[in-house]
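Next comes target34.pdb, with PDB, C-alpha atoms.
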```pdb
MODEL        1
ATOM      1  CA  MET A1098     -15.132  -4.252  27.000
ATOM      2  CA  ILE A1099     -13.830  -2.167  24.134
ATOM      3  CA  HIS A1100     -16.407  -0.184  22.205
ATOM      4  CA  PHE A1101     -15.235   0.710  18.713
ATOM      5  CA  LYS A1102     -17.547   3.000  16.796
ATOM      6  CA  VAL A1103     -17.083   3.848  13.118
ATOM      7  CA  VAL A1104     -19.060   6.546  11.313
ATOM      8  CA  ASN A1105     -18.874   6.270   7.510
ATOM      9  CA  HIS A1106     -19.699   9.506   5.779
ATOM     10  CA  LYS A1107     -20.124   9.982   2.071
ATOM     11  CA  LEU A1108     -17.388   8.252   0.026
ATOM     12  CA  SER A1109     -16.952   9.186  -3.603
ATOM     13  CA  VAL A1110     -13.870   8.390  -5.719
ATOM     14  CA  GLY A1111     -13.301   9.662  -9.249
ATOM     15  CA  HIS A1112     -10.837   7.250 -10.837
ATOM     16  CA  ILE A1113      -8.741   4.253  -9.681
ATOM     17  CA  GLU A1114      -5.841   3.143 -11.833
ATOM     18  CA  MET A1115      -3.790   0.069 -10.963
ATOM     19  CA  LEU A1116      -0.898  -1.671 -12.642
ATOM     20  CA  GLY A1117      -1.268  -5.083 -11.041
ATOM     21  CA  VAL A1118      -3.048  -7.024  -8.304
ATOM     22  CA  SER A1119      -1.115 -10.173  -7.498
ATOM     23  CA  SER A1120      -0.190 -12.907  -4.998
ATOM     24  CA  ALA A1121      -3.311 -13.193  -2.850
ATOM     25  CA  SER A1122      -4.022  -9.448  -2.784
ATOM     26  CA  MET A1123      -7.390  -7.780  -2.963
ATOM     27  CA  VAL A1124      -9.140  -4.716  -4.325
ATOM     28  CA  GLN A1125     -12.578  -4.069  -2.923
ATOM     29  CA  VAL A1126     -15.171  -1.369  -3.304
ATOM     30  CA  GLY A1127     -17.543  -2.078  -0.448
ATOM     31  CA  ASP A1128     -17.705  -3.025   3.209
ATOM     32  CA  THR A1129     -16.084  -5.994   4.875
ATOM     33  CA  ASP A1130     -15.799  -7.507   8.332
ATOM     34  CA  ASN A1131     -12.592  -9.470   8.370
ATOM     35  CA  VAL A1132      -9.577  -9.530   6.060
ATOM     36  CA  SER A1133      -6.411 -11.653   6.486
ATOM     37  CA  LEU A1134      -3.785 -11.608   3.771
ATOM     38  CA  TYR A1135      -0.580 -13.620   3.992
ATOM     39  CA  SER A1136       2.326 -13.762   1.578
ATOM     40  CA  MET A1137       5.574 -15.728   1.781
ATOM     41  CA  PHE A1138       8.248 -15.453  -0.864
ATOM     42  CA  ASP A1139      11.506 -17.385  -0.709
ATOM     43  CA  THR A1140      14.134 -16.516  -3.271
ATOM     44  CA  PRO A1141      17.861 -17.264  -3.716
ATOM     45  CA  PRO A1142      19.927 -14.557  -2.014
ATOM     46  CA  GLU A1143      21.941 -13.691  -5.098
ATOM     47  CA  SER A1144      18.821 -12.590  -6.966
ATOM     48  CA  VAL A1145      18.241  -9.777  -4.467
ATOM     49  CA  ILE A1146      20.339  -6.832  -5.586
ATOM     50  CA  VAL A1147      20.756  -4.059  -3.045
ATOM     51  CA  GLY A1148      22.289  -0.961  -4.596
ATOM     52  CA  PRO A1149      21.917   1.324  -7.561
ATOM     53  CA  LEU A1150      24.145  -0.643  -9.967
ATOM     54  CA  ALA A1151      23.378  -3.790 -11.872
ATOM     55  CA  PRO A1152      26.097  -6.439 -11.470
ATOM     56  CA  PHE A1153      28.467  -6.668 -14.415
ATOM     57  CA  PRO A1154      30.173  -9.854 -15.577
ATOM     58  CA  LEU A1155      33.882 -10.276 -14.932
ATOM     59  CA  PRO A1156      36.177  -8.584 -17.469
ATOM     60  CA  GLU A1157      37.906 -10.815 -20.008
ATOM     61  CA  SER A1158      41.314 -10.676 -18.295
ATOM     62  CA  ALA A1159      39.876 -11.613 -14.882
ATOM     63  CA  SER A1160      40.944 -15.264 -15.070
ATOM     64  CA  GLU A1161      44.584 -14.263 -15.775
ATOM     65  CA  ALA A1162      44.552 -11.794 -12.923
ATOM     66  CA  LEU A1163      43.218 -14.430 -10.529
ATOM     67  CA  VAL A1164      45.893 -16.966 -11.542
ATOM     68  CA  GLU A1165      48.619 -14.336 -11.035
ATOM     69  CA  GLY A1166      47.186 -13.576  -7.625
ATOM     70  CA  THR A1167      47.448 -17.210  -6.500
ATOM     71  CA  GLU A1168      51.092 -17.371  -7.718
ATOM     72  CA  VAL A1169      52.010 -14.339  -5.625
ATOM     73  CA  ALA A1170      50.393 -15.915  -2.587
ATOM     74  CA  GLU A1171      52.385 -19.124  -3.049
ATOM     75  CA  GLU A1172      55.682 -17.225  -3.329
ATOM     76  CA  SER A1173      55.098 -15.405  -0.078
ATOM     77  CA  ASP A1174      54.623 -18.750   1.700
TER      78      ASP A1174
ATOM     79  CA  MET B 195     -27.467   7.448  16.856
ATOM     80  CA  ASN B 196     -29.271   4.745  14.910
ATOM     81  CA  ASN B 197     -27.943   3.399  11.610
ATOM     82  CA  PRO B 198     -29.948   4.818   8.714
ATOM     83  CA  TYR B 199     -28.303   2.569   6.084
ATOM     84  CA  PRO B 200     -27.263  -0.798   7.565
ATOM     85  CA  ILE B 201     -25.924  -2.083   4.225
ATOM     86  CA  ARG B 202     -24.173   0.163   1.729
ATOM     87  CA  GLU B 203     -24.263  -0.328  -2.017
ATOM     88  CA  SER B 204     -21.266  -0.006  -4.336
ATOM     89  CA  ASN B 205     -21.802   2.132  -7.384
ATOM     90  CA  ILE B 206     -19.139   1.930 -10.105
ATOM     91  CA  GLY B 207     -19.296   3.706 -13.441
ATOM     92  CA  SER B 208     -17.009   1.352 -15.372
ATOM     93  CA  ILE B 209     -14.417  -1.387 -14.787
ATOM     94  CA  CYS B 210     -11.679  -2.072 -17.301
ATOM     95  CA  ILE B 211      -9.435  -5.110 -16.648
ATOM     96  CA  VAL B 212      -6.929  -6.115 -19.287
ATOM     97  CA  SER B 213      -5.976  -9.484 -17.793
ATOM     98  CA  ALA B 214      -7.369 -11.653 -14.985
ATOM     99  CA  ALA B 215      -5.406 -14.901 -14.910
ATOM    100  CA  SER B 216      -4.022 -17.591 -12.537
ATOM    101  CA  SER B 217      -7.064 -18.069 -10.269
ATOM    102  CA  ALA B 218      -7.930 -14.368 -10.079
ATOM    103  CA  VAL B 219     -11.504 -13.487  -9.120
ATOM    104  CA  VAL B 220     -13.447 -10.538 -10.487
ATOM    105  CA  GLN B 221     -16.855 -10.243  -8.871
ATOM    106  CA  VAL B 222     -19.627  -7.680  -9.080
ATOM    107  CA  GLY B 223     -21.954  -8.337  -6.160
ATOM    108  CA  ASP B 224     -21.835  -9.378  -2.526
ATOM    109  CA  ARG B 225     -19.859 -12.278  -1.150
ATOM    110  CA  GLY B 226     -19.881 -14.205   2.119
ATOM    111  CA  GLU B 227     -16.578 -15.945   2.621
ATOM    112  CA  THR B 228     -13.451 -16.145   0.488
ATOM    113  CA  ASN B 229     -10.517 -18.501   0.942
ATOM    114  CA  ALA B 230      -7.855 -17.952  -1.704
ATOM    115  CA  ARG B 231      -4.630 -19.971  -1.715
ATOM    116  CA  LEU B 232      -1.617 -19.860  -3.978
ATOM    117  CA  ARG B 233       1.277 -22.353  -3.910
ATOM    118  CA  ALA B 234       3.979 -21.834  -6.509
ATOM    119  CA  LEU B 235       7.417 -23.170  -7.353
ATOM    120  CA  ALA B 236       9.198 -20.806  -9.714
ATOM    121  CA  VAL B 237      12.017 -22.870 -11.220
ATOM    122  CA  GLN B 238      14.727 -21.327 -13.342
ATOM    123  CA  ARG B 239      16.933 -23.998 -14.917
ATOM    124  CA  GLN B 240      19.719 -24.367 -17.362
ATOM    125  CA  GLU B 241      18.457 -27.757 -18.501
ATOM    126  CA  ASP B 242      15.177 -28.489 -20.204
ATOM    127  CA  HIS B 243      12.220 -29.226 -17.859
ATOM    128  CA  THR B 244      11.535 -32.516 -19.637
ATOM    129  CA  ARG B 245      15.059 -33.781 -18.907
ATOM    130  CA  ALA B 246      15.870 -32.163 -15.560
ATOM    131  CA  GLY B 247      13.134 -34.009 -13.630
ATOM    132  CA  ASP B 248      10.195 -32.953 -11.448
ATOM    133  CA  VAL B 249      10.222 -30.699  -8.424
ATOM    134  CA  PHE B 250       7.986 -31.422  -5.452
ATOM    135  CA  PHE B 251       6.237 -29.100  -3.035
ATOM    136  CA  GLU B 252       6.946 -31.594  -0.252
ATOM    137  CA  SER B 253      10.683 -30.973  -0.529
ATOM    138  CA  TYR B 254      10.465 -27.408   0.772
ATOM    139  CA  THR B 255       9.512 -26.466   4.323
ATOM    140  CA  ILE B 256       7.927 -23.147   3.299
ATOM    141  CA  PHE B 257       4.843 -25.054   2.064
ATOM    142  CA  SER B 258       4.282 -26.889   5.347
ATOM    143  CA  ARG B 259       5.120 -23.986   7.634
ATOM    144  CA  ASP B 260       2.235 -22.619   9.704
ATOM    145  CA  MET B 261       0.951 -19.138   9.093
ATOM    146  CA  PRO B 262       1.747 -16.633  11.860
ATOM    147  CA  GLU B 263      -1.150 -16.152  14.251
ATOM    148  CA  LEU B 264      -2.406 -12.801  15.415
ATOM    149  CA  THR B 265      -2.446 -12.771  19.192
ATOM    150  CA  ASP B 266      -5.146 -10.635  20.738
ATOM    151  CA  PRO B 267      -4.864 -10.680  24.566
ATOM    152  CA  ASP B 268      -8.137  -8.761  24.977
ATOM    153  CA  TYR B 269     -10.031 -11.396  23.035
ATOM    154  CA  GLU B 270      -8.315 -14.241  24.886
ATOM    155  CA  GLU B 271      -9.219 -12.683  28.227
ATOM    156  CA  GLY B 272     -12.836 -12.608  27.166
ATOM    157  CA  ARG B 273     -13.008  -8.857  26.705
ATOM    158  CA  VAL B 274     -14.933  -8.874  23.469
ATOM    159  CA  ILE B 275     -14.601  -5.873  21.218
ATOM    160  CA  ARG B 276     -17.929  -4.329  20.290
ATOM    161  CA  LEU B 277     -17.938  -2.805  16.827
ATOM    162  CA  ASP B 278     -20.660  -0.390  15.773
ATOM    163  CA  ARG B 279     -20.845   1.009  12.279
ATOM    164  CA  VAL B 280     -22.959   3.950  11.241
ATOM    165  CA  ASN B 281     -23.358   4.609   7.524
ATOM    166  CA  CYS B 282     -24.447   8.147   6.722
ATOM    167  CA  SER B 283     -24.631   7.520   2.967
ATOM    168  CA  PRO B 284     -26.372   4.614   1.206
ATOM    169  CA  ARG B 285     -23.588   4.042  -1.332
ATOM    170  CA  ILE B 286     -19.874   4.173  -2.161
ATOM    171  CA  THR B 287     -19.319   5.770  -5.555
ATOM    172  CA  VAL B 288     -16.347   5.188  -7.862
ATOM    173  CA  GLY B 289     -16.177   6.630 -11.354
ATOM    174  CA  CYS B 290     -13.835   4.299 -13.206
ATOM    175  CA  ILE B 291     -11.501   1.438 -12.215
ATOM    176  CA  HIS B 292      -8.703   0.522 -14.584
ATOM    177  CA  ILE B 293      -6.578  -2.542 -13.758
ATOM    178  CA  ILE B 294      -3.946  -3.851 -16.124
ATOM    179  CA  ALA B 295      -3.428  -7.268 -14.524
ATOM    180  CA  ALA B 296      -4.984  -9.319 -11.736
ATOM    181  CA  GLY B 297      -3.482 -12.725 -11.106
ATOM    182  CA  SER B 298      -2.209 -15.329  -8.590
ATOM    183  CA  ALA B 299      -5.356 -15.790  -6.473
ATOM    184  CA  ALA B 300      -6.099 -12.060  -6.381
ATOM    185  CA  SER B 301      -9.591 -10.740  -5.793
ATOM    186  CA  VAL B 302     -11.294  -7.746  -7.369
ATOM    187  CA  LEU B 303     -14.663  -7.204  -5.719
ATOM    188  CA  ALA B 304     -17.289  -4.552  -6.263
ATOM    189  CA  GLY B 305     -19.669  -5.168  -3.380
ATOM    190  CA  ASN B 306     -19.706  -6.258   0.238
ATOM    191  CA  GLY B 307     -17.761  -9.157   1.650
ATOM    192  CA  MET B 308     -17.793 -10.638   5.136
ATOM    193  CA  ARG B 309     -14.605 -12.605   5.557
ATOM    194  CA  LEU B 310     -11.615 -12.800   3.248
ATOM    195  CA  THR B 311      -8.568 -14.966   3.904
ATOM    196  CA  ALA B 312      -5.879 -15.234   1.258
ATOM    197  CA  ASP B 313      -2.384 -16.649   1.461
ATOM    198  CA  SER B 314       0.376 -17.107  -1.052
ATOM    199  CA  LYS B 315       3.589 -19.106  -0.752
ATOM    200  CA  ILE B 316       6.135 -18.839  -3.543
ATOM    201  CA  LYS B 317       9.464 -20.658  -3.603
ATOM    202  CA  HIS B 318      11.955 -19.469  -6.173
ATOM    203  CA  ILE B 319      14.650 -21.950  -7.183
ATOM    204  CA  ARG B 320      17.605 -21.572  -9.492
ATOM    205  CA  GLN B 321      19.124 -24.783 -10.799
ATOM    206  CA  TYR B 322      22.421 -24.105 -12.489
ATOM    207  CA  PRO B 323      25.610 -26.130 -12.256
ATOM    208  CA  ARG B 324      28.196 -24.583  -9.936
ATOM    209  CA  PRO B 325      30.969 -22.889 -11.951
ATOM    210  CA  ARG B 326      34.171 -24.984 -11.925
ATOM    211  CA  PRO B 327      36.878 -23.489  -9.712
ATOM    212  CA  TYR B 328      40.024 -22.159 -11.325
ATOM    213  CA  PRO B 329      42.749 -24.839 -11.450
ATOM    214  CA  PRO B 330      45.596 -24.257  -9.000
ATOM    215  CA  ALA B 331      48.690 -22.520 -10.376
ATOM    216  CA  GLY B 332      51.171 -24.775 -12.063
ATOM    217  CA  CYS B 333      48.595 -27.156 -13.537
TER     218      CYS B 333
ENDMDL
END
```
Rewritten as structure tokens:
Amino acid sequence: MIHFKVVNHKLSVGHIEMLGVSSASMVQVGDTDNVSLYSMFDTPPESVIVGPLAPFPLPESASEALVEGTEVAEESD
Amino acid sequence: MNNPYPIRESNIGSICIVSAASSAVVQVGDRGETNARLRALAVQRQEDHTRAGDVFFESYTIFSRDMPELTDPDYEEGRVIRLDRVNCSPRITVGCIHIIAAGSAASVLAGNGMRLTADSKIKHIRQYPRPRPYPPAGC
């Protein structure tokens, strides 16, 4: 038998400022017995960018460079 | 130590919410049980939605997948946890609450609640044609 004892003393908050409450989240001022919050988010992998830089599009001469690259590879064969 | 205040009140000076949309709940008062669910398909397409056809929740396994269960061996063995609460003050006081947006089955509650269960499942899809590969050299 586990005995869990909670003593709530005086609780007084001046100001709460929030930007957003979303996707099955909660904000509560009061007591509660049981809270279960679940969230699943499935997104294409390319939309997750890890790193400080935003991806840039290919430069204008990229297609020429790629074609040249394939030619070189064929010659070496 | 007996409990001088078995139920606490919530005392809020002011609440300012700019937007509460998409099944959001804003409640002032007590609540028994809450079950909030959100299922969303966020589709980003090149074609118009009227021409590109419907999308169905049934097509994606995320919507039929079971939620993970919390395993509590003490509870399963019959060792029940006894919880005692002692409130030394009759109320919780908050001066001002300012929320810009509450949405997607969110809950903003000023008061007591007993049981809250909320789950959200969002599937994000991008529908764009695959870029055509470069033609082989010599074409």
What's the 10 Å shell around Asp1139 in chain A, counting all atoms listed in the file, without same-chain residues fewer than 2 positions away, as a JSON list (two decimals) with C-alpha atoms, in the coordinates of the input?
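The new file part-v2.json reads:
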```json
[["chain", "number", "residue", "atom", "x", "y", "z"],
["A", 1137, "MET", "CA", 5.57, -15.73, 1.78],
["A", 1141, "PRO", "CA", 17.86, -17.26, -3.72],
["A", 1142, "PRO", "CA", 19.93, -14.56, -2.01],
["B", 235, "LEU", "CA", 7.42, -23.17, -7.35],
["B", 236, "ALA", "CA", 9.20, -20.81, -9.71],
["B", 256, "ILE", "CA", 7.93, -23.15, 3.30],
["B", 315, "LYS", "CA", 3.59, -19.11, -0.75],
["B", 316, "ILE", "CA", 6.14, -18.84, -3.54],
["B", 317, "LYS", "CA", 9.46, -20.66, -3.60],
["B", 318, "HIS", "CA", 11.96, -19.47, -6.17],
["B", 319, "ILE", "CA", 14.65, -21.95, -7.18]]
```
- Message: Under the PyMOL selection byres ((chain A and resi 1110) around 8), which residues of this model are included? Write them out as a ChimeraX atom specification.
- Response: /A:1108-1109,1111-1113 /B:287-289
For chain B versus chain A, which residues have an atom no more than 8 Å away, and what is each residue's nearest atom pair and distance in Å rounded to one decimal, using only C-alpha atoms, chain-then-number order, as a Markdown table?
```
| residue | atom | partner | partner_atom | distance |
| --- | --- | --- | --- | --- |
| B:Arg202 | CA | A:Gly1127 | CA | 7.3 |
| B:Glu203 | CA | A:Gly1127 | CA | 7.1 |
| B:Ser204 | CA | A:Gly1127 | CA | 5.8 |
| B:Ala230 | CA | A:Ala1121 | CA | 6.7 |
| B:Arg231 | CA | A:Ala1121 | CA | 7.0 |
| B:Leu232 | CA | A:Ala1121 | CA | 7.0 |
| B:Ile256 | CA | A:Asp1139 | CA | 7.9 |
| B:Met261 | CA | A:Tyr1135 | CA | 7.7 |
| B:Arg273 | CA | A:Met1098 | CA | 5.1 |
| B:Val274 | CA | A:Met1098 | CA | 5.8 |
| B:Ile275 | CA | A:Ile1099 | CA | 4.8 |
| B:Arg276 | CA | A:His1100 | CA | 4.8 |
| B:Leu277 | CA | A:Phe1101 | CA | 4.8 |
| B:Asp278 | CA | A:Lys1102 | CA | 4.7 |
| B:Arg279 | CA | A:Val1103 | CA | 4.8 |
| B:Val280 | CA | A:Val1104 | CA | 4.7 |
| B:Asn281 | CA | A:Asn1105 | CA | 4.8 |
| B:Cys282 | CA | A:His1106 | CA | 5.0 |
| B:Ser283 | CA | A:Lys1107 | CA | 5.2 |
| B:Arg285 | CA | A:Leu1108 | CA | 7.6 |
| B:Ile286 | CA | A:Leu1108 | CA | 5.3 |
| B:Thr287 | CA | A:Ser1109 | CA | 4.6 |
| B:Val288 | CA | A:Val1110 | CA | 4.6 |
| B:Gly289 | CA | A:Gly1111 | CA | 4.7 |
| B:Cys290 | CA | A:His1112 | CA | 4.8 |
| B:Ile291 | CA | A:Ile1113 | CA | 4.7 |
| B:His292 | CA | A:Glu1114 | CA | 4.8 |
| B:Ile293 | CA | A:Met1115 | CA | 4.7 |
| B:Ile294 | CA | A:Leu1116 | CA | 5.1 |
| B:Ala295 | CA | A:Gly1117 | CA | 4.6 |
| B:Ala296 | CA | A:Val1118 | CA | 4.6 |
| B:Gly297 | CA | A:Ser1119 | CA | 5.0 |
| B:Ser298 | CA | A:Ser1120 | CA | 4.8 |
| B:Ala299 | CA | A:Ala1121 | CA | 4.9 |
| B:Ala300 | CA | A:Ala1121 | CA | 4.6 |
| B:Ser301 | CA | A:Met1123 | CA | 4.6 |
| B:Val302 | CA | A:Val1124 | CA | 4.8 |
| B:Leu303 | CA | A:Gln1125 | CA | 4.7 |
| B:Ala304 | CA | A:Val1126 | CA | 4.8 |
| B:Gly305 | CA | A:Gly1127 | CA | 4.8 |
| B:Asn306 | CA | A:Gly1127 | CA | 4.8 |
| B:Gly307 | CA | A:Thr1129 | CA | 4.8 |
| B:Met308 | CA | A:Asp1130 | CA | 4.9 |
| B:Arg309 | CA | A:Asn1131 | CA | 4.7 |
| B:Leu310 | CA | A:Val1132 | CA | 4.8 |
| B:Thr311 | CA | A:Ser1133 | CA | 4.7 |
| B:Ala312 | CA | A:Leu1134 | CA | 4.9 |
| B:Asp313 | CA | A:Tyr1135 | CA | 4.3 |
| B:Ser314 | CA | A:Ser1136 | CA | 4.7 |
| B:Lys315 | CA | A:Met1137 | CA | 4.7 |
| B:Ile316 | CA | A:Phe1138 | CA | 4.8 |
| B:Lys317 | CA | A:Asp1139 | CA | 4.8 |
| B:His318 | CA | A:Thr1140 | CA | 4.7 |
| B:Ile319 | CA | A:Pro1141 | CA | 6.7 |
| B:Arg320 | CA | A:Pro1141 | CA | 7.2 |
| B:Tyr328 | CA | A:Val1164 | CA | 7.8 |
| B:Pro330 | CA | A:Thr1167 | CA | 7.7 |
| B:Ala331 | CA | A:Glu1168 | CA | 6.3 |
```
- How far is it from CA of Ser208 in chain B to CA of Val222 in chain B, in Å with one decimal? 11.3 Å
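The gap separating CA of Arg225 in chain B from CA of Asn197 in chain B is 21.8 Å, in Å to one decimal.
Between CA of Tyr322 in chain B and CA of Gln238 in chain B the separation is 8.2 Å.
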Given 4 Å of margin on each side, can you work out the centre and size in Å (one decimal) of an axis-aligned box holding every listed atom of range 275-292 of chain B, as lines of an AutoDock Vina configuration file?
```
center_x = -17.5
center_y = 1.1
center_z = 3.3
size_x = 25.7
size_y = 22.0
size_z = 43.8
```
